[in-house]
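**Q** Sharing a structure with you now.
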Amino acid sequence: MKLSSPAKGGDAVAPLLPELRAVGGSDGDGGREASVPGAVFNLATTIIGAGIMSLPAAVRVLGVVPALFLVVAAAFLADASAEFLLRYAGSGGAAPFSYAATMGQAFGRAGSLALHVCVGVTTAGTLTVYLVIIGDVLSGSQSEGVAHVGVLQQWFGERWWNARAVALLFTAVFIILPLVLLRRVDSLRFTSAISVLLAVVFMCISTGMALYALFQGATETPRLLPDFGHMSSIFEVFTAVPIIVVAFTFHFNVHPIRAELSKTSDMMVAVRISILLCSVIYAAIGFFGYLLFGESTMADVLSNFDRDTGSPIGSLLNDAVRLSYVLHLALVFPLLFFSLRICIDELLLPQGSHHASETCRFVLLTVLLLGFIYAASILFPSIWTLFQFFGSTTAVCISLIFPAAIVLRDVEGISKRRDKVVASVMLALAVVTSSIAIGSNIVSHLGVNRE
């Protein structure tokens, strides 16, 4: 496999990243031109993740109308920011087709470093949440003083081998590790297609269960607007906004996927199809999940699926929903892990050379990162807290603040007036929303600690 050489402008590409395919070139599988459907699957897989599990809780806090409006608004902002990144990549003629290189071109080494830190923190945090969810489903969880039984405990009872730490260790070593050891992101296109299919299956089953419960009269009337009377502060509404922002964070994989396509216009087509597909899935999961569980909807809606939902085959459907999404997360994991590994390698070895020990370093870095994520998932099991924090900080920077800043900086002088207006609105909304969310989270946690 060929390895990339340092890019122009002083922004070196990590030696662990496969060389970007030249149009018309051929290098075995590396020269194969990716199709738009393949790009759609990879992008949709990057977008769809653990965010689905928190969307019903966000709908419960915000109300149906504001939540669905925010999904649509976040989708439009994601489309605009992705278009900015693709247009400004290589605008100076040096063709730095990566997010970090584009940031470096606009803000120098500090900009590239800031992007690397945000991508590393966001992907590591998201992957930690993935393992947290897998652990909750397999081995159970404790939420608001209520114990939720895991699938393995429900089937086999309490055993040492289905304890949370052991079940997650088995999953990490025998299921996830073989996938993250793949060297090329293109090798994950088939698993991406399966993961998207599983997300659709999860959506269909959840929707069907909610409609069945509705026809049986077992559902509550969903609130269309926030219920401020039961909130400690009006700013509590903003704590749910980062959940939706995180759900549309895919920008760090835009350029690697773009590199496998022959035309930039194909990438924007893939981006828009992916965003539309994910918006429909998010809206359906958020609304029907809230309709199904009402005010008892938990931060991780999978925890709600350990009780009878009114379906005649409720137990079977509950297990099918939880296990299908566990498999989905296991298949999404390596795609985000690919970006995390490249990010960390660039931070540690920004001027790395092509040593014979590259394979050893690749395996060592993979094992160390996976071990770190495993340990974090055991120590920090609160998915709601993790999503609130990352959505308010690094993920907002990746998806909104950095793309807007690149446009406003406009080092090549290609920004139009409309671009700067959109970027200014994007930046203002991101900063204001994040500031209020962070402040509200701090106040909320301090209040909980006092109690």
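In the structure tokens, chains take letters A, B, ... by order of appearance, with residues numbered from 1 within each chain and ligands from 1 in the order shown.
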Just asking: which residues within region 199-298 of chain A are helix (DSSP H, G or I) according to DSSP, as a PDB file with N, CA, C and O atoms, in the first residue's frame?
**A**
ATOM      1  N   ALA A 199     -30.014   0.470  11.101  1.00  0.00           N
ATOM      2  CA  ALA A 199     -30.649   1.674  11.658  1.00  0.00           C
ATOM      3  C   ALA A 199     -32.066   1.833  11.119  1.00  0.00           C
ATOM      4  O   ALA A 199     -32.982   2.219  11.862  1.00  0.00           O
ATOM      5  N   VAL A 200     -32.262   1.524   9.841  1.00  0.00           N
ATOM      6  CA  VAL A 200     -33.598   1.590   9.252  1.00  0.00           C
ATOM      7  C   VAL A 200     -34.507   0.539   9.879  1.00  0.00           C
ATOM      8  O   VAL A 200     -35.686   0.799  10.165  1.00  0.00           O
ATOM      9  N   VAL A 201     -33.976  -0.653  10.114  1.00  0.00           N
ATOM     10  CA  VAL A 201     -34.749  -1.703  10.772  1.00  0.00           C
ATOM     11  C   VAL A 201     -35.165  -1.260  12.181  1.00  0.00           C
ATOM     12  O   VAL A 201     -36.316  -1.446  12.598  1.00  0.00           O
ATOM     13  N   PHE A 202     -34.216  -0.659  12.907  1.00  0.00           N
ATOM     14  CA  PHE A 202     -34.523  -0.138  14.237  1.00  0.00           C
ATOM     15  C   PHE A 202     -35.638   0.901  14.158  1.00  0.00           C
ATOM     16  O   PHE A 202     -36.566   0.902  14.981  1.00  0.00           O
ATOM     17  N   MET A 203     -35.562   1.789  13.170  1.00  0.00           N
ATOM     18  CA  MET A 203     -36.590   2.816  12.999  1.00  0.00           C
ATOM     19  C   MET A 203     -37.949   2.185  12.707  1.00  0.00           C
ATOM     20  O   MET A 203     -38.972   2.589  13.291  1.00  0.00           O
ATOM     21  N   CYS A 204     -37.976   1.198  11.821  1.00  0.00           N
ATOM     22  CA  CYS A 204     -39.242   0.569  11.437  1.00  0.00           C
ATOM     23  C   CYS A 204     -39.877  -0.171  12.611  1.00  0.00           C
ATOM     24  O   CYS A 204     -41.095  -0.081  12.837  1.00  0.00           O
ATOM     25  N   ILE A 205     -39.061  -0.909  13.374  1.00  0.00           N
ATOM     26  CA  ILE A 205     -39.601  -1.648  14.517  1.00  0.00           C
ATOM     27  C   ILE A 205     -40.131  -0.678  15.577  1.00  0.00           C
ATOM     28  O   ILE A 205     -41.234  -0.856  16.110  1.00  0.00           O
ATOM     29  N   SER A 206     -39.364   0.388  15.870  1.00  0.00           N
ATOM     30  CA  SER A 206     -39.795   1.361  16.869  1.00  0.00           C
ATOM     31  C   SER A 206     -41.081   2.058  16.427  1.00  0.00           C
ATOM     32  O   SER A 206     -41.996   2.263  17.232  1.00  0.00           O
ATOM     33  N   THR A 207     -41.149   2.408  15.147  1.00  0.00           N
ATOM     34  CA  THR A 207     -42.345   3.061  14.627  1.00  0.00           C
ATOM     35  C   THR A 207     -43.557   2.137  14.714  1.00  0.00           C
ATOM     36  O   THR A 207     -44.649   2.553  15.125  1.00  0.00           O
ATOM     37  N   GLY A 208     -43.351   0.885  14.333  1.00  0.00           N
ATOM     38  CA  GLY A 208     -44.445  -0.077  14.398  1.00  0.00           C
ATOM     39  C   GLY A 208     -44.943  -0.300  15.809  1.00  0.00           C
ATOM     40  O   GLY A 208     -46.167  -0.364  16.054  1.00  0.00           O
ATOM     41  N   MET A 209     -44.024  -0.395  16.770  1.00  0.00           N
ATOM     42  CA  MET A 209     -44.424  -0.582  18.164  1.00  0.00           C
ATOM     43  C   MET A 209     -45.184   0.635  18.684  1.00  0.00           C
ATOM     44  O   MET A 209     -46.177   0.499  19.430  1.00  0.00           O
ATOM     45  N   ALA A 210     -44.737   1.843  18.290  1.00  0.00           N
ATOM     46  CA  ALA A 210     -45.418   3.056  18.745  1.00  0.00           C
ATOM     47  C   ALA A 210     -46.827   3.145  18.158  1.00  0.00           C
ATOM     48  O   ALA A 210     -47.783   3.500  18.860  1.00  0.00           O
ATOM     49  N   LEU A 211     -46.969   2.816  16.883  1.00  0.00           N
ATOM     50  CA  LEU A 211     -48.284   2.864  16.253  1.00  0.00           C
ATOM     51  C   LEU A 211     -49.226   1.826  16.850  1.00  0.00           C
ATOM     52  O   LEU A 211     -50.421   2.085  17.054  1.00  0.00           O
ATOM     53  N   TYR A 212     -48.704   0.630  17.147  1.00  0.00           N
ATOM     54  CA  TYR A 212     -49.520  -0.401  17.773  1.00  0.00           C
ATOM     55  C   TYR A 212     -50.003   0.064  19.143  1.00  0.00           C
ATOM     56  O   TYR A 212     -51.188  -0.087  19.495  1.00  0.00           O
ATOM     57  N   ALA A 213     -49.062   0.661  19.935  1.00  0.00           N
ATOM     58  CA  ALA A 213     -49.444   1.155  21.260  1.00  0.00           C
ATOM     59  C   ALA A 213     -50.455   2.293  21.142  1.00  0.00           C
ATOM     60  O   ALA A 213     -51.369   2.423  21.970  1.00  0.00           O
ATOM     61  N   LEU A 214     -50.323   3.116  20.092  1.00  0.00           N
ATOM     62  CA  LEU A 214     -51.266   4.215  19.880  1.00  0.00           C
ATOM     63  C   LEU A 214     -52.663   3.688  19.592  1.00  0.00           C
ATOM     64  O   LEU A 214     -53.659   4.170  20.163  1.00  0.00           O
ATOM     65  N   PHE A 215     -52.756   2.690  18.736  1.00  0.00           N
ATOM     66  CA  PHE A 215     -54.055   2.107  18.404  1.00  0.00           C
ATOM     67  C   PHE A 215     -54.673   1.389  19.597  1.00  0.00           C
ATOM     68  O   PHE A 215     -55.903   1.281  19.705  1.00  0.00           O
ATOM     69  N   PHE A 228     -42.500  24.446  30.356  1.00  0.00           N
ATOM     70  CA  PHE A 228     -41.625  25.245  31.209  1.00  0.00           C
ATOM     71  C   PHE A 228     -42.013  25.156  32.678  1.00  0.00           C
ATOM     72  O   PHE A 228     -41.184  25.432  33.552  1.00  0.00           O
ATOM     73  N   GLY A 229     -43.258  24.768  32.954  1.00  0.00           N
ATOM     74  CA  GLY A 229     -43.691  24.677  34.340  1.00  0.00           C
ATOM     75  C   GLY A 229     -42.970  23.601  35.126  1.00  0.00           C
ATOM     76  O   GLY A 229     -42.874  23.680  36.350  1.00  0.00           O
ATOM     77  N   HIS A 230     -42.459  22.572  34.433  1.00  0.00           N
ATOM     78  CA  HIS A 230     -41.766  21.477  35.112  1.00  0.00           C
ATOM     79  C   HIS A 230     -40.259  21.574  34.955  1.00  0.00           C
ATOM     80  O   HIS A 230     -39.533  20.623  35.235  1.00  0.00           O
ATOM     81  N   ILE A 234     -35.589  28.095  32.244  1.00  0.00           N
ATOM     82  CA  ILE A 234     -35.912  28.100  30.820  1.00  0.00           C
ATOM     83  C   ILE A 234     -34.711  27.662  29.980  1.00  0.00           C
ATOM     84  O   ILE A 234     -34.849  27.147  28.882  1.00  0.00           O
ATOM     85  N   PHE A 235     -33.502  27.861  30.525  1.00  0.00           N
ATOM     86  CA  PHE A 235     -32.297  27.485  29.804  1.00  0.00           C
ATOM     87  C   PHE A 235     -32.103  25.974  29.736  1.00  0.00           C
ATOM     88  O   PHE A 235     -31.238  25.489  29.015  1.00  0.00           O
ATOM     89  N   GLU A 236     -32.913  25.226  30.485  1.00  0.00           N
ATOM     90  CA  GLU A 236     -32.825  23.769  30.431  1.00  0.00           C
ATOM     91  C   GLU A 236     -33.154  23.241  29.036  1.00  0.00           C
ATOM     92  O   GLU A 236     -32.678  22.175  28.633  1.00  0.00           O
ATOM     93  N   VAL A 237     -33.947  24.022  28.279  1.00  0.00           N
ATOM     94  CA  VAL A 237     -34.293  23.629  26.919  1.00  0.00           C
ATOM     95  C   VAL A 237     -33.036  23.476  26.073  1.00  0.00           C
ATOM     96  O   VAL A 237     -32.933  22.579  25.228  1.00  0.00           O
ATOM     97  N   PHE A 238     -32.056  24.353  26.299  1.00  0.00           N
ATOM     98  CA  PHE A 238     -30.859  24.350  25.463  1.00  0.00           C
ATOM     99  C   PHE A 238     -29.948  23.160  25.742  1.00  0.00           C
ATOM    100  O   PHE A 238     -29.027  22.902  24.963  1.00  0.00           O
ATOM    101  N   THR A 239     -30.160  22.445  26.840  1.00  0.00           N
ATOM    102  CA  THR A 239     -29.332  21.280  27.103  1.00  0.00           C
ATOM    103  C   THR A 239     -29.596  20.168  26.106  1.00  0.00           C
ATOM    104  O   THR A 239     -28.767  19.282  25.923  1.00  0.00           O
ATOM    105  N   ALA A 240     -30.768  20.188  25.465  1.00  0.00           N
ATOM    106  CA  ALA A 240     -31.099  19.162  24.477  1.00  0.00           C
ATOM    107  C   ALA A 240     -30.572  19.498  23.095  1.00  0.00           C
ATOM    108  O   ALA A 240     -30.445  18.612  22.246  1.00  0.00           O
ATOM    109  N   VAL A 241     -30.240  20.768  22.850  1.00  0.00           N
ATOM    110  CA  VAL A 241     -29.784  21.184  21.518  1.00  0.00           C
ATOM    111  C   VAL A 241     -28.485  20.493  21.107  1.00  0.00           C
ATOM    112  O   VAL A 241     -28.356  20.052  19.960  1.00  0.00           O
ATOM    113  N   PRO A 242     -27.474  20.367  21.994  1.00  0.00           N
ATOM    114  CA  PRO A 242     -26.245  19.692  21.583  1.00  0.00           C
ATOM    115  C   PRO A 242     -26.449  18.253  21.122  1.00  0.00           C
ATOM    116  O   PRO A 242     -25.651  17.734  20.339  1.00  0.00           O
ATOM    117  N   ILE A 243     -27.503  17.601  21.616  1.00  0.00           N
ATOM    118  CA  ILE A 243     -27.771  16.232  21.170  1.00  0.00           C
ATOM    119  C   ILE A 243     -27.981  16.208  19.663  1.00  0.00           C
ATOM    120  O   ILE A 243     -27.464  15.332  18.950  1.00  0.00           O
ATOM    121  N   ILE A 244     -28.743  17.164  19.152  1.00  0.00           N
ATOM    122  CA  ILE A 244     -29.025  17.220  17.720  1.00  0.00           C
ATOM    123  C   ILE A 244     -27.794  17.666  16.946  1.00  0.00           C
ATOM    124  O   ILE A 244     -27.532  17.194  15.839  1.00  0.00           O
ATOM    125  N   VAL A 245     -27.007  18.579  17.524  1.00  0.00           N
ATOM    126  CA  VAL A 245     -25.783  19.032  16.853  1.00  0.00           C
ATOM    127  C   VAL A 245     -24.809  17.877  16.677  1.00  0.00           C
ATOM    128  O   VAL A 245     -24.223  17.691  15.611  1.00  0.00           O
ATOM    129  N   VAL A 246     -24.620  17.085  17.718  1.00  0.00           N
ATOM    130  CA  VAL A 246     -23.726  15.928  17.647  1.00  0.00           C
ATOM    131  C   VAL A 246     -24.206  14.938  16.587  1.00  0.00           C
ATOM    132  O   VAL A 246     -23.410  14.310  15.883  1.00  0.00           O
ATOM    133  N   ALA A 247     -25.512  14.823  16.446  1.00  0.00           N
ATOM    134  CA  ALA A 247     -26.064  13.840  15.516  1.00  0.00           C
ATOM    135  C   ALA A 247     -25.720  14.140  14.064  1.00  0.00           C
ATOM    136  O   ALA A 247     -25.784  13.251  13.218  1.00  0.00           O
ATOM    137  N   HIS A 251     -18.129  15.847   9.527  1.00  0.00           N
ATOM    138  CA  HIS A 251     -17.273  16.635   8.645  1.00  0.00           C
ATOM    139  C   HIS A 251     -15.844  16.113   8.545  1.00  0.00           C
ATOM    140  O   HIS A 251     -15.176  16.327   7.534  1.00  0.00           O
ATOM    141  N   PHE A 252     -15.361  15.436   9.587  1.00  0.00           N
ATOM    142  CA  PHE A 252     -13.999  14.919   9.552  1.00  0.00           C
ATOM    143  C   PHE A 252     -13.833  13.773   8.562  1.00  0.00           C
ATOM    144  O   PHE A 252     -12.701  13.402   8.229  1.00  0.00           O
ATOM    145  N   ASN A 253     -14.936  13.186   8.086  1.00  0.00           N
ATOM    146  CA  ASN A 253     -14.840  12.111   7.087  1.00  0.00           C
ATOM    147  C   ASN A 253     -15.206  12.579   5.685  1.00  0.00           C
ATOM    148  O   ASN A 253     -15.209  11.770   4.756  1.00  0.00           O
ATOM    149  N   VAL A 254     -15.509  13.870   5.506  1.00  0.00           N
ATOM    150  CA  VAL A 254     -15.897  14.363   4.195  1.00  0.00           C
ATOM    151  C   VAL A 254     -14.764  14.247   3.194  1.00  0.00           C
ATOM    152  O   VAL A 254     -14.934  13.726   2.078  1.00  0.00           O
ATOM    153  N   HIS A 255     -13.579  14.691   3.554  1.00  0.00           N
ATOM    154  CA  HIS A 255     -12.470  14.702   2.607  1.00  0.00           C
ATOM    155  C   HIS A 255     -11.911  13.305   2.302  1.00  0.00           C
ATOM    156  O   HIS A 255     -11.605  13.018   1.142  1.00  0.00           O
ATOM    157  N   PRO A 256     -11.760  12.418   3.292  1.00  0.00           N
ATOM    158  CA  PRO A 256     -11.314  11.060   2.942  1.00  0.00           C
ATOM    159  C   PRO A 256     -12.267  10.347   1.986  1.00  0.00           C
ATOM    160  O   PRO A 256     -11.822   9.640   1.080  1.00  0.00           O
ATOM    161  N   ILE A 257     -13.563  10.533   2.168  1.00  0.00           N
ATOM    162  CA  ILE A 257     -14.526   9.899   1.266  1.00  0.00           C
ATOM    163  C   ILE A 257     -14.505  10.596  -0.092  1.00  0.00           C
ATOM    164  O   ILE A 257     -14.600   9.947  -1.136  1.00  0.00           O
ATOM    165  N   ARG A 258     -14.374  11.923  -0.079  1.00  0.00           N
ATOM    166  CA  ARG A 258     -14.275  12.676  -1.326  1.00  0.00           C
ATOM    167  C   ARG A 258     -13.091  12.224  -2.174  1.00  0.00           C
ATOM    168  O   ARG A 258     -13.162  12.214  -3.411  1.00  0.00           O
ATOM    169  N   THR A 264     -15.941  16.348  -7.660  1.00  0.00           N
ATOM    170  CA  THR A 264     -16.377  16.998  -6.429  1.00  0.00           C
ATOM    171  C   THR A 264     -17.891  17.109  -6.363  1.00  0.00           C
ATOM    172  O   THR A 264     -18.490  16.988  -5.284  1.00  0.00           O
ATOM    173  N   SER A 265     -18.526  17.334  -7.495  1.00  0.00           N
ATOM    174  CA  SER A 265     -19.985  17.453  -7.519  1.00  0.00           C
ATOM    175  C   SER A 265     -20.663  16.175  -7.044  1.00  0.00           C
ATOM    176  O   SER A 265     -21.737  16.222  -6.444  1.00  0.00           O
ATOM    177  N   ASP A 266     -20.035  15.021  -7.299  1.00  0.00           N
ATOM    178  CA  ASP A 266     -20.584  13.763  -6.804  1.00  0.00           C
ATOM    179  C   ASP A 266     -20.607  13.736  -5.279  1.00  0.00           C
ATOM    180  O   ASP A 266     -21.518  13.167  -4.674  1.00  0.00           O
ATOM    181  N   MET A 267     -19.609  14.366  -4.660  1.00  0.00           N
ATOM    182  CA  MET A 267     -19.546  14.368  -3.205  1.00  0.00           C
ATOM    183  C   MET A 267     -20.696  15.170  -2.604  1.00  0.00           C
ATOM    184  O   MET A 267     -21.316  14.747  -1.619  1.00  0.00           O
ATOM    185  N   MET A 268     -21.016  16.311  -3.196  1.00  0.00           N
ATOM    186  CA  MET A 268     -22.133  17.096  -2.665  1.00  0.00           C
ATOM    187  C   MET A 268     -23.458  16.370  -2.848  1.00  0.00           C
ATOM    188  O   MET A 268     -24.348  16.467  -1.999  1.00  0.00           O
ATOM    189  N   VAL A 269     -23.590  15.624  -3.941  1.00  0.00           N
ATOM    190  CA  VAL A 269     -24.787  14.804  -4.126  1.00  0.00           C
ATOM    191  C   VAL A 269     -24.877  13.766  -3.016  1.00  0.00           C
ATOM    192  O   VAL A 269     -25.938  13.562  -2.407  1.00  0.00           O
ATOM    193  N   ALA A 270     -23.753  13.118  -2.732  1.00  0.00           N
ATOM    194  CA  ALA A 270     -23.729  12.106  -1.679  1.00  0.00           C
ATOM    195  C   ALA A 270     -24.022  12.725  -0.317  1.00  0.00           C
ATOM    196  O   ALA A 270     -24.748  12.137   0.502  1.00  0.00           O
ATOM    197  N   VAL A 271     -23.462  13.908  -0.066  1.00  0.00           N
ATOM    198  CA  VAL A 271     -23.700  14.589   1.212  1.00  0.00           C
ATOM    199  C   VAL A 271     -25.183  14.884   1.396  1.00  0.00           C
ATOM    200  O   VAL A 271     -25.765  14.620   2.459  1.00  0.00           O
ATOM    201  N   ARG A 272     -25.826  15.416   0.361  1.00  0.00           N
ATOM    202  CA  ARG A 272     -27.230  15.812   0.487  1.00  0.00           C
ATOM    203  C   ARG A 272     -28.154  14.612   0.603  1.00  0.00           C
ATOM    204  O   ARG A 272     -29.130  14.642   1.359  1.00  0.00           O
ATOM    205  N   ILE A 273     -27.856  13.543  -0.117  1.00  0.00           N
ATOM    206  CA  ILE A 273     -28.659  12.326   0.023  1.00  0.00           C
ATOM    207  C   ILE A 273     -28.509  11.764   1.437  1.00  0.00           C
ATOM    208  O   ILE A 273     -29.490  11.356   2.073  1.00  0.00           O
ATOM    209  N   SER A 274     -27.281  11.764   1.944  1.00  0.00           N
ATOM    210  CA  SER A 274     -27.027  11.233   3.286  1.00  0.00           C
ATOM    211  C   SER A 274     -27.735  12.053   4.348  1.00  0.00           C
ATOM    212  O   SER A 274     -28.351  11.503   5.269  1.00  0.00           O
ATOM    213  N   ILE A 275     -27.652  13.377   4.237  1.00  0.00           N
ATOM    214  CA  ILE A 275     -28.306  14.243   5.223  1.00  0.00           C
ATOM    215  C   ILE A 275     -29.813  14.070   5.187  1.00  0.00           C
ATOM    216  O   ILE A 275     -30.478  14.015   6.235  1.00  0.00           O
ATOM    217  N   LEU A 276     -30.391  13.968   3.984  1.00  0.00           N
ATOM    218  CA  LEU A 276     -31.832  13.759   3.864  1.00  0.00           C
ATOM    219  C   LEU A 276     -32.244  12.431   4.482  1.00  0.00           C
ATOM    220  O   LEU A 276     -33.218  12.351   5.255  1.00  0.00           O
ATOM    221  N   LEU A 277     -31.506  11.369   4.174  1.00  0.00           N
ATOM    222  CA  LEU A 277     -31.802  10.047   4.723  1.00  0.00           C
ATOM    223  C   LEU A 277     -31.727  10.063   6.246  1.00  0.00           C
ATOM    224  O   LEU A 277     -32.631   9.565   6.945  1.00  0.00           O
ATOM    225  N   CYS A 278     -30.669  10.652   6.782  1.00  0.00           N
ATOM    226  CA  CYS A 278     -30.478  10.666   8.227  1.00  0.00           C
ATOM    227  C   CYS A 278     -31.509  11.553   8.915  1.00  0.00           C
ATOM    228  O   CYS A 278     -31.942  11.255  10.039  1.00  0.00           O
ATOM    229  N   SER A 279     -31.923  12.645   8.259  1.00  0.00           N
ATOM    230  CA  SER A 279     -32.938  13.520   8.841  1.00  0.00           C
ATOM    231  C   SER A 279     -34.257  12.780   9.007  1.00  0.00           C
ATOM    232  O   SER A 279     -34.934  12.917  10.039  1.00  0.00           O
ATOM    233  N   VAL A 280     -34.629  11.995   8.006  1.00  0.00           N
ATOM    234  CA  VAL A 280     -35.864  11.214   8.088  1.00  0.00           C
ATOM    235  C   VAL A 280     -35.773  10.199   9.220  1.00  0.00           C
ATOM    236  O   VAL A 280     -36.710  10.034  10.022  1.00  0.00           O
ATOM    237  N   ILE A 281     -34.646   9.520   9.304  1.00  0.00           N
ATOM    238  CA  ILE A 281     -34.453   8.513  10.359  1.00  0.00           C
ATOM    239  C   ILE A 281     -34.483   9.177  11.738  1.00  0.00           C
ATOM    240  O   ILE A 281     -35.139   8.699  12.675  1.00  0.00           O
ATOM    241  N   TYR A 282     -33.782  10.293  11.881  1.00  0.00           N
ATOM    242  CA  TYR A 282     -33.751  11.000  13.168  1.00  0.00           C
ATOM    243  C   TYR A 282     -35.143  11.470  13.587  1.00  0.00           C
ATOM    244  O   TYR A 282     -35.546  11.323  14.745  1.00  0.00           O
ATOM    245  N   ALA A 283     -35.878  12.068  12.637  1.00  0.00           N
ATOM    246  CA  ALA A 283     -37.201  12.573  12.963  1.00  0.00           C
ATOM    247  C   ALA A 283     -38.139  11.441  13.383  1.00  0.00           C
ATOM    248  O   ALA A 283     -38.892  11.570  14.359  1.00  0.00           O
ATOM    249  N   ALA A 284     -38.072  10.315  12.656  1.00  0.00           N
ATOM    250  CA  ALA A 284     -38.943   9.177  12.977  1.00  0.00           C
ATOM    251  C   ALA A 284     -38.586   8.575  14.331  1.00  0.00           C
ATOM    252  O   ALA A 284     -39.473   8.307  15.155  1.00  0.00           O
ATOM    253  N   ILE A 285     -37.286   8.372  14.592  1.00  0.00           N
ATOM    254  CA  ILE A 285     -36.865   7.791  15.865  1.00  0.00           C
ATOM    255  C   ILE A 285     -37.215   8.727  17.018  1.00  0.00           C
ATOM    256  O   ILE A 285     -37.723   8.302  18.068  1.00  0.00           O
ATOM    257  N   GLY A 286     -36.940  10.019  16.850  1.00  0.00           N
ATOM    258  CA  GLY A 286     -37.219  10.971  17.918  1.00  0.00           C
ATOM    259  C   GLY A 286     -38.695  11.046  18.253  1.00  0.00           C
ATOM    260  O   GLY A 286     -39.082  10.968  19.426  1.00  0.00           O
ATOM    261  N   PHE A 287     -39.544  11.181  17.217  1.00  0.00           N
ATOM    262  CA  PHE A 287     -40.969  11.339  17.466  1.00  0.00           C
ATOM    263  C   PHE A 287     -41.606  10.056  17.978  1.00  0.00           C
ATOM    264  O   PHE A 287     -42.309  10.060  19.005  1.00  0.00           O
ATOM    265  N   PHE A 288     -41.394   8.938  17.274  1.00  0.00           N
ATOM    266  CA  PHE A 288     -42.072   7.701  17.660  1.00  0.00           C
ATOM    267  C   PHE A 288     -41.491   7.109  18.946  1.00  0.00           C
ATOM    268  O   PHE A 288     -42.206   6.439  19.697  1.00  0.00           O
ATOM    269  N   GLY A 289     -40.198   7.358  19.215  1.00  0.00           N
ATOM    270  CA  GLY A 289     -39.644   6.936  20.498  1.00  0.00           C
ATOM    271  C   GLY A 289     -40.295   7.671  21.648  1.00  0.00           C
ATOM    272  O   GLY A 289     -40.631   7.085  22.683  1.00  0.00           O
ATOM    273  N   TYR A 290     -40.495   8.980  21.480  1.00  0.00           N
ATOM    274  CA  TYR A 290     -41.179   9.772  22.504  1.00  0.00           C
ATOM    275  C   TYR A 290     -42.644   9.380  22.606  1.00  0.00           C
ATOM    276  O   TYR A 290     -43.207   9.298  23.705  1.00  0.00           O
ATOM    277  N   LEU A 291     -43.293   9.127  21.456  1.00  0.00           N
ATOM    278  CA  LEU A 291     -44.701   8.707  21.477  1.00  0.00           C
ATOM    279  C   LEU A 291     -44.860   7.388  22.217  1.00  0.00           C
ATOM    280  O   LEU A 291     -45.818   7.192  22.965  1.00  0.00           O
ATOM    281  N   LEU A 292     -43.906   6.479  22.033  1.00  0.00           N
ATOM    282  CA  LEU A 292     -43.995   5.155  22.637  1.00  0.00           C
ATOM    283  C   LEU A 292     -43.820   5.196  24.154  1.00  0.00           C
ATOM    284  O   LEU A 292     -44.546   4.525  24.888  1.00  0.00           O
ATOM    285  N   PHE A 293     -42.866   6.006  24.641  1.00  0.00           N
ATOM    286  CA  PHE A 293     -42.533   5.990  26.076  1.00  0.00           C
ATOM    287  C   PHE A 293     -42.963   7.240  26.822  1.00  0.00           C
ATOM    288  O   PHE A 293     -42.905   7.270  28.054  1.00  0.00           O
ATOM    289  N   GLY A 294     -43.377   8.292  26.100  1.00  0.00           N
ATOM    290  CA  GLY A 294     -43.897   9.482  26.751  1.00  0.00           C
ATOM    291  C   GLY A 294     -42.911  10.139  27.697  1.00  0.00           C
ATOM    292  O   GLY A 294     -41.718  10.238  27.418  1.00  0.00           O
ATOM    293  N   GLU A 295     -43.411  10.603  28.849  1.00  0.00           N
ATOM    294  CA  GLU A 295     -42.579  11.325  29.810  1.00  0.00           C
ATOM    295  C   GLU A 295     -41.591  10.417  30.532  1.00  0.00           C
ATOM    296  O   GLU A 295     -40.711  10.903  31.245  1.00  0.00           O
ATOM    297  N   SER A 296     -41.714   9.113  30.352  1.00  0.00           N
ATOM    298  CA  SER A 296     -40.751   8.187  30.948  1.00  0.00           C
ATOM    299  C   SER A 296     -39.577   7.904  30.020  1.00  0.00           C
ATOM    300  O   SER A 296     -38.732   7.061  30.324  1.00  0.00           O
TER     301      SER A 296
END
**Q** For Leu152 (chain A), work out the shell of residues within 8 Å, counting only C-alpha atoms and skipping chain neighbours fewer than 2 positions away, then give it as a VMD selection string.
**A** chain A and resid 138 to 139 150 154 to 157 162
**Q** Excluding Val367 (chain A) and its own-chain neighbours fewer than 2 positions away, which residues fall within 12 Å of it when counting only C-alpha atoms? Please give them as a VMD selection string.
**A** chain A and resid 172 to 173 176 to 178 180 to 181 337 341 360 to 365 369 to 374
**Q** My list of candidates is A:Val166, A:Met103, A:Leu225, A:Ala75. Which is closest to Tyr88 (chain A) when distances are computed with only C-alpha atoms?
**A**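 For Tyr88 (chain A), the nearest of the candidates is A:Met103.
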**Q** Here is a test: counting only C-alpha atoms, which residue of A:Ala74, A:Ala101, A:Ala57, A:Val321 is nearest to Leu86 (chain A)?
**A**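 Ranking A:Ala74, A:Ala101, A:Ala57, A:Val321 by distance to Leu86 (chain A), first place goes to A:Ala101.
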**Q** Near region 107-117 of chain A, within 9 Å and counting only C-alpha atoms, which residues show up once chain neighbours fewer than 5 positions away are dropped, as a VMD selection string?
**A** chain A and resid 9 to 11 99 to 102 122 343 to 344 346 to 347 394 397 to 398 402 406 409 411
**Q** I'd like the interatomic distance between CA of Val431 (chain A) and CA of Arg87 (chain A), to a tenth of an Å.
**A**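 Interatomic distance here is 23.5 Å.
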**Q** Give me the residues within 10 Å of region 420-427 of chain A as a PyMOL selection string, counting only C-alpha atoms and dropping any in the same chain fewer than 6 places off.
**A** chain A and resi 77-78+80-81+84+396-397+399-410+433
